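Q: Got input_24.tsv for you, TSV, C-alpha atoms:
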chain	number	residue	atom	x	y	z
A	1	MET	CA	50.48	102.51	74.64
A	2	LEU	CA	50.07	99.49	72.38
A	3	SER	CA	52.20	96.40	72.95
A	4	GLU	CA	52.38	93.42	70.60
A	5	TYR	CA	53.42	89.93	71.69
A	6	THR	CA	54.11	86.71	69.83
A	7	ILE	CA	53.29	83.29	71.21
A	8	THR	CA	54.04	79.87	69.71
A	9	THR	CA	51.39	77.35	70.64
A	10	GLN	CA	52.20	73.65	70.95
A	11	ARG	CA	48.66	72.30	70.82
A	12	GLU	CA	45.04	73.24	71.53
A	13	SER	CA	45.37	74.59	75.07
A	14	PHE	CA	45.30	77.72	77.23
A	15	TYR	CA	48.60	79.63	77.59
A	16	ASP	CA	49.27	81.88	80.58
A	17	ILE	CA	50.07	85.41	79.32
A	18	THR	CA	49.66	87.22	82.66
A	19	ARG	CA	53.35	88.12	82.79
A	20	GLN	CA	53.27	89.81	79.37
A	21	VAL	CA	50.17	91.82	80.28
A	22	CYS	CA	51.73	92.87	83.60
A	23	ASP	CA	54.89	93.90	81.71
A	24	ALA	CA	52.80	96.05	79.34
A	25	VAL	CA	51.18	97.74	82.33
A	26	GLU	CA	54.55	98.32	84.02
A	27	ASN	CA	55.92	99.82	80.81
A	28	ALA	CA	52.97	102.21	80.58
A	29	VAL	CA	53.46	103.20	84.22
A	30	ALA	CA	57.17	103.82	83.64
A	31	ALA	CA	56.84	105.59	80.27
A	32	ARG	CA	53.73	107.67	80.77
A	33	GLY	CA	53.03	107.72	84.47
A	34	ILE	CA	49.72	105.92	83.91
A	35	THR	CA	48.61	104.55	87.28
A	36	ASP	CA	44.89	104.07	86.74
A	37	GLY	CA	43.01	102.94	83.68
A	38	ILE	CA	42.00	99.98	81.58
A	39	ALA	CA	44.01	97.31	79.78
A	40	VAL	CA	42.46	95.59	76.77
A	41	VAL	CA	44.08	92.29	75.78
A	42	TYR	CA	43.14	91.54	72.17
A	43	CYS	CA	43.51	88.41	70.02
A	44	PRO	CA	43.56	89.12	66.25
A	45	HIS	CA	42.84	85.48	65.28
A	46	THR	CA	39.49	83.79	64.60
A	47	THR	CA	40.27	80.38	66.08
A	48	ALA	CA	41.86	81.63	69.30
A	49	GLY	CA	40.68	83.84	72.14
A	50	ILE	CA	41.42	85.38	75.52
A	51	THR	CA	39.94	84.35	78.85
A	52	ILE	CA	40.60	84.82	82.54
A	53	ASN	CA	40.47	81.82	84.84
A	54	GLU	CA	42.31	79.82	87.49
A	55	LYS	CA	46.06	79.43	87.45
A	56	ALA	CA	46.72	77.28	90.54
A	57	ASP	CA	45.67	73.83	89.30
A	58	PRO	CA	46.52	72.94	85.68
A	59	ASP	CA	43.69	70.38	85.76
A	60	VAL	CA	41.22	73.28	85.52
A	61	VAL	CA	42.45	74.19	82.04
A	62	GLN	CA	42.48	70.53	81.03
A	63	ASP	CA	38.90	70.11	82.25
A	64	MET	CA	37.77	73.31	80.52
A	65	LEU	CA	39.23	72.06	77.23
A	66	ILE	CA	37.29	68.81	77.64
A	67	GLY	CA	34.10	70.72	78.49
A	68	LEU	CA	34.44	73.00	75.46
A	69	GLU	CA	35.10	70.05	73.17
A	70	LYS	CA	32.02	68.24	74.46
A	71	ALA	CA	29.77	71.31	74.20
A	72	PHE	CA	31.09	72.39	70.79
A	73	PRO	CA	32.28	69.26	68.95
A	74	ASP	CA	33.07	68.97	65.29
A	75	ARG	CA	29.77	68.09	63.58
A	76	ALA	CA	28.88	66.21	60.40
A	77	GLU	CA	26.65	69.13	59.34
A	78	PHE	CA	29.54	71.60	59.31
A	79	ARG	CA	30.47	72.75	55.81
A	80	HIS	CA	33.42	75.12	56.31
A	81	ARG	CA	36.06	73.72	54.00
A	82	GLU	CA	38.93	74.12	56.47
A	83	GLY	CA	37.13	71.77	58.84
A	84	ASN	CA	37.75	73.83	61.96
A	85	SER	CA	34.33	75.37	62.61
A	86	ALA	CA	34.39	74.04	66.17
A	87	ALA	CA	37.54	76.10	66.77
A	88	HIS	CA	35.82	79.23	65.42
A	89	LEU	CA	32.86	78.58	67.70
A	90	ARG	CA	34.97	78.03	70.83
A	91	ALA	CA	36.87	81.25	70.03
A	92	SER	CA	33.65	83.29	69.94
A	93	VAL	CA	32.43	81.64	73.14
A	94	VAL	CA	35.50	82.57	75.20
A	95	GLY	CA	35.76	85.88	73.33
A	96	SER	CA	38.50	87.70	71.45
A	97	SER	CA	39.46	90.12	74.23
A	98	ALA	CA	39.61	90.68	77.97
A	99	SER	CA	39.21	94.05	79.68
A	100	LEU	CA	41.12	94.53	82.91
A	101	ILE	CA	41.34	97.33	85.47
A	102	ILE	CA	44.59	99.10	86.37
A	103	SER	CA	44.72	100.66	89.82
A	104	GLY	CA	47.73	102.10	91.61
A	105	GLY	CA	49.96	101.12	88.71
A	106	LYS	CA	48.96	97.44	88.87
A	107	LEU	CA	46.45	95.11	87.27
A	108	VAL	CA	43.47	94.30	89.48
A	109	LEU	CA	43.46	90.49	89.43
A	110	GLY	CA	41.79	88.13	91.86
A	111	THR	CA	43.96	85.81	93.97
A	112	TRP	CA	43.42	82.83	91.66
A	113	GLN	CA	43.10	84.65	88.35
A	114	CYS	CA	45.43	84.58	85.42
A	115	ILE	CA	45.03	85.67	81.81
A	116	TYR	CA	45.01	82.94	79.16
A	117	PHE	CA	45.59	82.95	75.43
A	118	CYS	CA	43.28	80.15	74.22
A	119	GLU	CA	44.47	78.19	71.17
A	120	PHE	CA	41.72	76.16	69.50
A	121	ASP	CA	43.61	75.23	66.33
A	122	PRO	CA	46.73	73.06	65.85
A	123	PRO	CA	50.13	74.57	66.78
A	124	ARG	CA	51.02	77.87	65.15
A	125	THR	CA	52.61	81.24	65.78
A	126	ARG	CA	50.10	83.71	67.19
A	127	LYS	CA	50.00	87.35	68.20
A	128	PHE	CA	48.14	89.31	70.81
A	129	PHE	CA	47.98	92.99	71.69
A	130	VAL	CA	47.75	94.87	74.98
A	131	LYS	CA	46.36	98.40	74.87
A	132	ILE	CA	46.57	100.62	77.97
A	133	ILE	CA	44.35	103.69	78.33
B	1	MET	CA	37.33	106.23	89.65
B	2	LEU	CA	37.37	102.65	90.96
B	3	SER	CA	34.51	101.37	93.10
B	4	GLU	CA	34.49	98.06	94.95
B	5	TYR	CA	31.32	96.23	95.96
B	6	THR	CA	30.63	93.16	98.07
B	7	ILE	CA	27.84	90.71	97.33
B	8	THR	CA	26.74	87.68	99.34
B	9	THR	CA	25.38	84.96	97.12
B	10	GLN	CA	22.74	82.51	98.35
B	11	ARG	CA	23.11	79.89	95.65
B	12	GLU	CA	24.24	79.40	92.05
B	13	SER	CA	22.26	82.16	90.34
B	14	PHE	CA	22.48	85.56	88.63
B	15	TYR	CA	22.30	88.63	90.92
B	16	ASP	CA	21.17	92.01	89.60
B	17	ILE	CA	23.93	94.59	90.24
B	18	THR	CA	22.61	97.31	87.91
B	19	ARG	CA	21.92	99.65	90.81
B	20	GLN	CA	25.49	99.46	92.11
B	21	VAL	CA	26.93	100.11	88.65
B	22	CYS	CA	24.58	103.08	88.15
B	23	ASP	CA	25.65	104.40	91.57
B	24	ALA	CA	29.31	104.17	90.55
B	25	VAL	CA	28.54	106.12	87.39
B	26	GLU	CA	26.59	108.77	89.31
B	27	ASN	CA	29.46	109.14	91.79
B	28	ALA	CA	31.93	109.66	88.93
B	29	VAL	CA	29.63	112.24	87.38
B	30	ALA	CA	29.30	114.06	90.71
B	31	ALA	CA	32.95	113.83	91.75
B	32	ARG	CA	34.75	114.36	88.46
B	33	GLY	CA	32.19	115.73	86.05
B	34	ILE	CA	32.56	112.67	83.83
B	35	THR	CA	29.56	112.59	81.49
B	36	ASP	CA	30.81	110.38	78.68
B	37	GLY	CA	33.02	107.33	78.79
B	38	ILE	CA	33.19	103.65	79.51
B	39	ALA	CA	32.38	101.60	82.60
B	40	VAL	CA	34.11	98.26	83.07
B	41	VAL	CA	32.44	95.90	85.57
B	42	TYR	CA	35.00	93.32	86.67
B	43	CYS	CA	34.68	90.06	88.61
B	44	PRO	CA	37.93	88.97	90.36
B	45	HIS	CA	36.75	85.36	90.90
B	46	THR	CA	37.28	82.30	88.69
B	47	THR	CA	33.93	80.59	89.28
B	48	ALA	CA	31.76	83.69	88.84
B	49	GLY	CA	31.28	86.18	86.03
B	50	ILE	CA	29.40	89.20	84.72
B	51	THR	CA	26.73	89.21	82.03
B	52	ILE	CA	24.04	91.51	80.69
B	53	ASN	CA	20.58	90.08	80.05
B	54	GLU	CA	16.86	90.46	80.71
B	55	LYS	CA	15.54	91.74	84.00
B	56	ALA	CA	11.76	91.67	83.46
B	57	ASP	CA	11.00	87.97	83.81
B	58	PRO	CA	12.97	86.02	86.47
B	59	ASP	CA	12.25	82.83	84.50
B	60	VAL	CA	14.86	83.96	81.96
B	61	VAL	CA	17.64	83.66	84.54
B	62	GLN	CA	16.27	80.34	85.74
B	63	ASP	CA	16.18	79.01	82.16
B	64	MET	CA	19.68	80.31	81.45
B	65	LEU	CA	21.00	78.48	84.53
B	66	ILE	CA	19.39	75.27	83.28
B	67	GLY	CA	20.81	75.80	79.80
B	68	LEU	CA	24.34	76.41	81.11
B	69	GLU	CA	24.13	73.35	83.36
B	70	LYS	CA	23.03	71.17	80.43
B	71	ALA	CA	25.70	72.53	78.07
B	72	PHE	CA	28.49	72.45	80.65
B	73	PRO	CA	27.70	69.68	83.15
B	74	ASP	CA	30.04	68.17	85.67
B	75	ARG	CA	31.81	65.31	83.85
B	76	ALA	CA	33.37	62.04	84.99
B	77	GLU	CA	36.55	62.93	83.05
B	78	PHE	CA	37.15	66.11	85.08
B	79	ARG	CA	40.18	65.86	87.37
B	80	HIS	CA	40.30	69.23	89.21
B	81	ARG	CA	40.41	68.23	92.85
B	82	GLU	CA	37.91	70.86	94.01
B	83	GLY	CA	35.30	69.27	91.78
B	84	ASN	CA	33.97	72.54	90.37
B	85	SER	CA	35.43	72.57	86.85
B	86	ALA	CA	31.95	73.12	85.42
B	87	ALA	CA	31.74	76.36	87.42
B	88	HIS	CA	35.12	77.49	86.01
B	89	LEU	CA	33.91	76.71	82.50
B	90	ARG	CA	30.60	78.58	82.88
B	91	ALA	CA	32.51	81.57	84.29
B	92	SER	CA	34.74	81.77	81.21
B	93	VAL	CA	31.74	81.36	78.90
B	94	VAL	CA	29.79	84.31	80.34
B	95	GLY	CA	33.04	86.23	80.87
B	96	SER	CA	34.70	88.00	83.76
B	97	SER	CA	33.73	91.53	82.78
B	98	ALA	CA	31.20	93.69	80.98
B	99	SER	CA	32.00	96.93	79.17
B	100	LEU	CA	29.27	99.57	79.14
B	101	ILE	CA	28.91	102.98	77.55
B	102	ILE	CA	28.27	106.16	79.55
B	103	SER	CA	26.55	108.98	77.67
B	104	GLY	CA	25.12	112.20	79.10
B	105	GLY	CA	26.06	111.10	82.61
B	106	LYS	CA	24.11	107.83	82.37
B	107	LEU	CA	24.70	104.20	81.45
B	108	VAL	CA	23.48	103.27	77.98
B	109	LEU	CA	21.31	100.23	78.71
B	110	GLY	CA	18.57	98.73	76.54
B	111	THR	CA	14.98	98.75	77.81
B	112	TRP	CA	15.14	95.16	79.04
B	113	GLN	CA	18.81	94.99	80.02
B	114	CYS	CA	20.26	94.65	83.47
B	115	ILE	CA	23.74	93.74	84.67
B	116	TYR	CA	24.16	90.40	86.45
B	117	PHE	CA	26.79	89.02	88.78
B	118	CYS	CA	26.78	85.28	87.93
B	119	GLU	CA	27.55	82.90	90.79
B	120	PHE	CA	28.47	79.39	89.64
B	121	ASP	CA	29.72	78.07	92.99
B	122	PRO	CA	27.88	77.47	96.29
B	123	PRO	CA	27.03	80.53	98.45
B	124	ARG	CA	29.91	82.80	99.37
B	125	THR	CA	30.93	86.42	99.80
B	126	ARG	CA	32.07	87.91	96.51
B	127	LYS	CA	33.47	91.19	95.25
B	128	PHE	CA	33.22	93.09	92.01
B	129	PHE	CA	34.75	96.32	90.74
B	130	VAL	CA	33.44	99.15	88.60
B	131	LYS	CA	36.00	101.30	86.79
B	132	ILE	CA	34.89	104.52	85.06
B	133	ILE	CA	37.06	106.16	82.39
C	1	MET	CA	32.16	110.13	70.40
C	2	LEU	CA	29.05	107.91	70.48
C	3	SER	CA	27.57	106.60	67.23
C	4	GLU	CA	24.25	104.80	66.94
C	5	TYR	CA	23.38	102.45	64.09
C	6	THR	CA	20.20	100.65	63.05
C	7	ILE	CA	20.17	97.20	61.49
C	8	THR	CA	17.21	95.23	60.15
C	9	THR	CA	17.72	91.52	60.60
C	10	GLN	CA	16.15	89.01	58.20
C	11	ARG	CA	16.55	85.91	60.34
C	12	GLU	CA	18.64	84.41	63.13
C	13	SER	CA	22.14	85.00	61.77
C	14	PHE	CA	25.34	87.02	62.13
C	15	TYR	CA	25.46	90.38	60.29
C	16	ASP	CA	28.77	91.98	59.34
C	17	ILE	CA	28.96	95.48	60.89
C	18	THR	CA	32.70	96.04	60.38
C	19	ARG	CA	32.09	98.88	57.92
C	20	GLN	CA	29.92	100.82	60.39
C	21	VAL	CA	32.48	100.41	63.18
C	22	CYS	CA	35.30	101.53	60.85
C	23	ASP	CA	33.16	104.54	59.85
C	24	ALA	CA	32.69	105.47	63.51
C	25	VAL	CA	36.46	105.29	64.03
C	26	GLU	CA	37.14	107.40	60.92
C	27	ASN	CA	34.62	110.00	62.10
C	28	ALA	CA	36.31	110.20	65.50
C	29	VAL	CA	39.70	110.58	63.82
C	30	ALA	CA	38.36	113.35	61.57
C	31	ALA	CA	36.33	115.19	64.23
C	32	ARG	CA	38.59	114.93	67.25
C	33	GLY	CA	41.96	113.86	66.00
C	34	ILE	CA	41.73	110.61	67.97
C	35	THR	CA	44.35	108.24	66.56
C	36	ASP	CA	44.81	105.80	69.41
C	37	GLY	CA	42.30	104.38	71.83
C	38	ILE	CA	39.54	101.86	72.30
C	39	ALA	CA	36.27	101.25	70.49
C	40	VAL	CA	33.44	99.56	72.37
C	41	VAL	CA	30.69	98.08	70.17
C	42	TYR	CA	27.58	97.62	72.31
C	43	CYS	CA	24.31	95.77	71.70
C	44	PRO	CA	21.38	97.07	73.81
C	45	HIS	CA	19.22	93.96	73.23
C	46	THR	CA	18.92	90.80	75.35
C	47	THR	CA	18.49	88.27	72.52
C	48	ALA	CA	21.29	89.59	70.31
C	49	GLY	CA	25.01	90.11	70.79
C	50	ILE	CA	28.33	91.12	69.27
C	51	THR	CA	31.16	88.81	68.30
C	52	ILE	CA	34.33	88.88	66.21
C	53	ASN	CA	35.03	86.00	63.86
C	54	GLU	CA	35.87	85.00	60.29
C	55	LYS	CA	34.53	86.89	57.31
C	56	ALA	CA	36.04	84.99	54.37
C	57	ASP	CA	33.85	81.89	54.24
C	58	PRO	CA	30.11	82.36	54.99
C	59	ASP	CA	29.95	78.68	55.96
C	60	VAL	CA	31.73	79.56	59.20
C	61	VAL	CA	28.78	81.65	60.38
C	62	GLN	CA	26.35	78.97	59.24
C	63	ASP	CA	28.30	76.31	61.16
C	64	MET	CA	28.53	78.52	64.26
C	65	LEU	CA	24.75	79.01	64.22
C	66	ILE	CA	24.30	75.21	64.04
C	67	GLY	CA	26.81	74.71	66.87
C	68	LEU	CA	25.11	77.28	69.11
C	69	GLU	CA	21.68	75.76	68.42
C	70	LYS	CA	22.95	72.29	69.32
C	71	ALA	CA	24.72	73.45	72.48
C	72	PHE	CA	21.88	75.72	73.63
C	73	PRO	CA	18.62	74.30	72.25
C	74	ASP	CA	15.13	75.22	73.32
C	75	ARG	CA	14.29	72.91	76.25
C	76	ALA	CA	11.06	71.51	77.65
C	77	GLU	CA	12.09	72.71	81.13
C	78	PHE	CA	12.23	76.37	80.06
C	79	ARG	CA	9.45	78.46	81.56
C	80	HIS	CA	10.00	81.98	80.15
C	81	ARG	CA	6.61	82.85	78.66
C	82	GLU	CA	8.03	84.37	75.47
C	83	GLY	CA	9.59	81.02	74.62
C	84	ASN	CA	12.95	82.42	73.56
C	85	SER	CA	15.19	81.52	76.49
C	86	ALA	CA	17.64	79.82	74.12
C	87	ALA	CA	18.09	83.19	72.37
C	88	HIS	CA	18.79	84.89	75.71
C	89	LEU	CA	21.35	82.22	76.53
C	90	ARG	CA	23.14	82.44	73.18
C	91	ALA	CA	23.26	86.24	73.56
C	92	SER	CA	25.03	85.98	76.92
C	93	VAL	CA	27.42	83.36	75.55
C	94	VAL	CA	28.66	85.50	72.65
C	95	GLY	CA	28.38	88.63	74.82
C	96	SER	CA	26.74	92.02	74.48
C	97	SER	CA	29.84	93.96	73.47
C	98	ALA	CA	33.22	93.79	71.78
C	99	SER	CA	36.23	95.90	72.73
C	100	LEU	CA	38.62	96.79	69.92
C	101	ILE	CA	41.92	98.63	69.74
C	102	ILE	CA	42.46	101.76	67.62
C	103	SER	CA	46.04	102.42	66.54
C	104	GLY	CA	47.28	104.98	64.02
C	105	GLY	CA	43.70	106.06	63.32
C	106	LYS	CA	42.57	102.54	62.39
C	107	LEU	CA	40.96	99.53	64.01
C	108	VAL	CA	43.42	96.74	64.84
C	109	LEU	CA	41.74	93.73	63.20
C	110	GLY	CA	43.32	90.43	62.21
C	111	THR	CA	43.46	89.47	58.54
C	112	TRP	CA	40.40	87.24	58.76
C	113	GLN	CA	38.44	89.11	61.44
C	114	CYS	CA	35.20	90.97	61.05
C	115	ILE	CA	32.72	92.27	63.60
C	116	TYR	CA	29.31	90.60	63.71
C	117	PHE	CA	25.95	91.65	65.09
C	118	CYS	CA	24.42	88.32	66.19
C	119	GLU	CA	20.63	88.04	65.91
C	120	PHE	CA	19.17	85.15	67.91
C	121	ASP	CA	15.49	86.11	67.62
C	122	PRO	CA	13.22	86.32	64.54
C	123	PRO	CA	13.65	89.32	62.20
C	124	ARG	CA	13.39	92.75	63.77
C	125	THR	CA	14.88	96.22	63.74
C	126	ARG	CA	17.89	96.44	66.04
C	127	LYS	CA	20.33	99.07	67.23
C	128	PHE	CA	23.95	99.04	68.23
C	129	PHE	CA	26.34	101.69	69.54
C	130	VAL	CA	30.01	102.42	68.94
C	131	LYS	CA	31.84	104.41	71.59
C	132	ILE	CA	35.36	105.71	70.90
C	133	ILE	CA	37.66	106.78	73.72
Would you kindly transcribe this structure into structure tokens?

A:
Amino acid sequence: MLSEYTITTQRESFYDITRQVCDAVENAVAARGITDGIAVVYCPHTTAGITINEKADPDVVQDMLIGLEKAFPDRAEFRHREGNSAAHLRASVVGSSASLIISGGKLVLGTWQCIYFCEFDPPRTRKFFVKII
Amino acid sequence: MLSEYTITTQRESFYDITRQVCDAVENAVAARGITDGIAVVYCPHTTAGITINEKADPDVVQDMLIGLEKAFPDRAEFRHREGNSAAHLRASVVGSSASLIISGGKLVLGTWQCIYFCEFDPPRTRKFFVKII
Amino acid sequence: MLSEYTITTQRESFYDITRQVCDAVENAVAARGITDGIAVVYCPHTTAGITINEKADPDVVQDMLIGLEKAFPDRAEFRHREGNSAAHLRASVVGSSASLIISGGKLVLGTWQCIYFCEFDPPRTRKFFVKII
């Protein structure tokens, strides 16, 4: 089962996509009787990524954005003509996919975990995929 | 097959969990005759992660901890009330899972590779999962 | 299906291995009729990794190498006797594997995405694996 989702980002930030991934898992359970397996969440963009982190306090995401910007700033040496090399770098650092475990028909997620789509470029319409096996 | 393991961490460090992952693979081989597939090692915490790196010289882990602390320090701008945003950031940078290949009933690991559970918070009892497909 | 590839690196850089991964997928489609699944690209080395990023402008890779070197430089405090702890760190940051989706007999890749083998040590002969499930 392959599910495709669209997300419209408002700014460089992390967007909670846990609900969509859980929906994809529920659909696979309902359609194919899959109760145990793996879900791969995949971002097909080069200045965005997928990560898993805390959902409870929105300050965590805000702090992580600050920390990524400080560690991987725009630099005078950068030559990429679009001027967004820092966004490419941050995307590779968080990674373009997340692999999750499905057990008993549900995603195995820790108490505080949620799944984030990470936008590192200005607002745009993005896609991500969820593959269940 | 889904295996769950508990680990008690003594401090912010990387803990070698290769043996547990190999055990999970051996159990799947014995119980289900799985000889080829994928193993996903998953950390359900938001201030810990999983990475694969060198086992031979313990100084590598020590140096990596220093390098992560320098790149992602605690910062005056951080507002998360628990005060551990740097730990959240380091967790997302190393990642919450590792995907490994199983071939001929064994994990495909390079000569120098081992699998690490990465603790970025003070000592606590942690869990991780190994899913074989 | 497990495919093994050899790559000879000329310097610390990212090497495009998209063609090899697509070949592995095509072989699995031809040999086993696999049309939908997951491909795991795995690097068995501890100072190299796998990442997915932009292929169109080679300046992106050059800028990412600069950004990684600035964020994770060699440091006077490092004690690993081989002197390449920064390479170990960069390898863990980009990660030792990439998980990709196969749909309709083809890799799901974004318009600008390609798959890179990331060399963080001086030139050497390297291997990587592609597992299709």

Q: Provide as a list in words the residues of chain B at most 6 Å from chain C, counting only C-alpha atoms.

A: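 Every residue meeting the condition is included here: Asn53, Glu54, Asp59, Val60, Asp63, Met64, Ala71, Val93, Val94, Leu109 and Gly110 of chain B.
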
Q: Excluding same-chain residues fewer than 4 positions from Gln62 (chain C), what lies within 8 Å of it counting all atoms listed in the file, as a short mmCIF file (atom, residue, chain, number, x, y, z; two decimals) with C-alpha atoms, keeping the file's coordinate frame?

A:
data_model
loop_
_atom_site.label_atom_id
_atom_site.label_comp_id
_atom_site.auth_asym_id
_atom_site.auth_seq_id
_atom_site.Cartn_x
_atom_site.Cartn_y
_atom_site.Cartn_z
CA SER C 13 22.14 85.00 61.77
CA PRO C 58 30.11 82.36 54.99
CA ILE C 66 24.30 75.21 64.04
#

Q: Show me the residues around (50.3, 77.3, 73.1) - criterion: an atom at most 10 Å away, all atoms listed in the file counted - as a VMD selection string.

A: chain A and resid 7 to 16 116 to 126

Q: Which distance in Å separates CA of Ala31 (chain C) and CA of Gly37 (chain B), to one decimal?

A: 16.9 Å

Q: Could you tell me how far CA of Ile115 (chain A) sits from CA of Thr18 (chain A), in Å to one decimal place?

A: 5.0 Å

Q: Can you provide chain A as a short mmCIF file (atom, residue, chain, number, x, y, z; two decimals) with C-alpha atoms, in the coordinates of the input, superposed onto chain C by least squares across all C-alpha atoms matched in order?

A:
data_model
loop_
_atom_site.label_atom_id
_atom_site.label_comp_id
_atom_site.auth_asym_id
_atom_site.auth_seq_id
_atom_site.Cartn_x
_atom_site.Cartn_y
_atom_site.Cartn_z
CA MET A 1 32.15 110.11 70.41
CA LEU A 2 29.06 107.91 70.49
CA SER A 3 27.58 106.60 67.25
CA GLU A 4 24.25 104.80 66.94
CA TYR A 5 23.37 102.44 64.09
CA THR A 6 20.21 100.65 63.06
CA ILE A 7 20.17 97.21 61.50
CA THR A 8 17.21 95.23 60.16
CA THR A 9 17.72 91.52 60.59
CA GLN A 10 16.16 89.01 58.20
CA ARG A 11 16.55 85.90 60.34
CA GLU A 12 18.65 84.40 63.13
CA SER A 13 22.14 84.99 61.75
CA PHE A 14 25.34 87.02 62.13
CA TYR A 15 25.46 90.38 60.31
CA ASP A 16 28.77 91.99 59.34
CA ILE A 17 28.96 95.48 60.90
CA THR A 18 32.70 96.04 60.38
CA ARG A 19 32.08 98.88 57.93
CA GLN A 20 29.91 100.81 60.40
CA VAL A 21 32.48 100.42 63.18
CA CYS A 22 35.29 101.53 60.85
CA ASP A 23 33.16 104.55 59.84
CA ALA A 24 32.69 105.47 63.52
CA VAL A 25 36.45 105.30 64.03
CA GLU A 26 37.12 107.40 60.92
CA ASN A 27 34.61 109.99 62.11
CA ALA A 28 36.33 110.20 65.50
CA VAL A 29 39.71 110.59 63.79
CA ALA A 30 38.35 113.35 61.55
CA ALA A 31 36.34 115.19 64.23
CA ARG A 32 38.59 114.92 67.24
CA GLY A 33 41.98 113.86 65.99
CA ILE A 34 41.73 110.61 67.96
CA THR A 35 44.36 108.24 66.55
CA ASP A 36 44.82 105.80 69.41
CA GLY A 37 42.29 104.38 71.82
CA ILE A 38 39.55 101.85 72.30
CA ALA A 39 36.26 101.25 70.49
CA VAL A 40 33.43 99.56 72.37
CA VAL A 41 30.69 98.08 70.17
CA TYR A 42 27.58 97.62 72.31
CA CYS A 43 24.30 95.77 71.71
CA PRO A 44 21.37 97.07 73.82
CA HIS A 45 19.21 93.96 73.23
CA THR A 46 18.92 90.80 75.34
CA THR A 47 18.49 88.28 72.53
CA ALA A 48 21.29 89.59 70.31
CA GLY A 49 25.01 90.11 70.79
CA ILE A 50 28.32 91.12 69.26
CA THR A 51 31.17 88.82 68.30
CA ILE A 52 34.32 88.88 66.21
CA ASN A 53 35.04 86.00 63.86
CA GLU A 54 35.88 84.99 60.30
CA LYS A 55 34.55 86.88 57.32
CA ALA A 56 36.07 84.99 54.37
CA ASP A 57 33.86 81.88 54.25
CA PRO A 58 30.13 82.36 54.98
CA ASP A 59 29.96 78.67 55.95
CA VAL A 60 31.74 79.56 59.20
CA VAL A 61 28.79 81.66 60.38
CA GLN A 62 26.36 78.97 59.23
CA ASP A 63 28.31 76.32 61.15
CA MET A 64 28.54 78.52 64.26
CA LEU A 65 24.76 79.00 64.21
CA ILE A 66 24.31 75.23 64.04
CA GLY A 67 26.81 74.71 66.87
CA LEU A 68 25.10 77.28 69.10
CA GLU A 69 21.69 75.77 68.42
CA LYS A 70 22.95 72.30 69.31
CA ALA A 71 24.72 73.46 72.49
CA PHE A 72 21.87 75.73 73.63
CA PRO A 73 18.61 74.29 72.25
CA ASP A 74 15.13 75.22 73.32
CA ARG A 75 14.29 72.92 76.25
CA ALA A 76 11.05 71.51 77.65
CA GLU A 77 12.06 72.72 81.13
CA PHE A 78 12.22 76.36 80.05
CA ARG A 79 9.45 78.47 81.57
CA HIS A 80 9.99 81.97 80.14
CA ARG A 81 6.63 82.84 78.66
CA GLU A 82 8.04 84.37 75.47
CA GLY A 83 9.60 81.01 74.64
CA ASN A 84 12.95 82.41 73.56
CA SER A 85 15.19 81.51 76.49
CA ALA A 86 17.64 79.83 74.13
CA ALA A 87 18.08 83.18 72.37
CA HIS A 88 18.78 84.90 75.70
CA LEU A 89 21.35 82.23 76.53
CA ARG A 90 23.14 82.44 73.17
CA ALA A 91 23.26 86.24 73.55
CA SER A 92 25.03 85.99 76.92
CA VAL A 93 27.42 83.37 75.55
CA VAL A 94 28.64 85.51 72.64
CA GLY A 95 28.38 88.63 74.82
CA SER A 96 26.73 92.02 74.47
CA SER A 97 29.84 93.97 73.46
CA ALA A 98 33.22 93.79 71.77
CA SER A 99 36.24 95.90 72.72
CA LEU A 100 38.62 96.78 69.91
CA ILE A 101 41.93 98.64 69.73
CA ILE A 102 42.47 101.76 67.62
CA SER A 103 46.04 102.42 66.53
CA GLY A 104 47.27 104.98 64.02
CA GLY A 105 43.70 106.05 63.32
CA LYS A 106 42.57 102.53 62.38
CA LEU A 107 40.97 99.53 64.02
CA VAL A 108 43.41 96.73 64.84
CA LEU A 109 41.74 93.73 63.19
CA GLY A 110 43.31 90.43 62.22
CA THR A 111 43.47 89.47 58.54
CA TRP A 112 40.39 87.23 58.76
CA GLN A 113 38.44 89.11 61.41
CA CYS A 114 35.21 90.97 61.06
CA ILE A 115 32.72 92.27 63.60
CA TYR A 116 29.30 90.61 63.71
CA PHE A 117 25.95 91.65 65.09
CA CYS A 118 24.42 88.32 66.19
CA GLU A 119 20.63 88.04 65.92
CA PHE A 120 19.17 85.15 67.91
CA ASP A 121 15.50 86.12 67.62
CA PRO A 122 13.22 86.31 64.55
CA PRO A 123 13.63 89.32 62.20
CA ARG A 124 13.38 92.75 63.78
CA THR A 125 14.87 96.22 63.76
CA ARG A 126 17.89 96.44 66.05
CA LYS A 127 20.33 99.07 67.24
CA PHE A 128 23.96 99.04 68.23
CA PHE A 129 26.32 101.68 69.54
CA VAL A 130 30.00 102.41 68.94
CA LYS A 131 31.83 104.41 71.59
CA ILE A 132 35.36 105.70 70.90
CA ILE A 133 37.65 106.76 73.75
#

Q: In Å, rounded to a single decimal, give me how far CA of Ser103 (chain B) is from CA of Tyr5 (chain C).

A: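 Pair CA of Tyr5 (chain C) / CA of Ser103 (chain B) returns 15.4 Å.
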
Q: Could you write out as AutoDock Vina command-line options the box around region 115-128 of chain B (axis-aligned, all atoms listed in the file, 6 Å on each side), with centre and edge lengths in Å to one decimal?

A:
--center_x 28.6 --center_y 85.6 --center_z 92.2 --size_x 21.7 --size_y 28.3 --size_z 27.1

Q: Excluding same-chain residues fewer than 2 positions from region 23-26 of chain B, what lies within 7 Å of it counting all atoms listed in the file, as a VMD selection string?

A: chain B and resid 3 19 to 21 28 to 30 106 130 132
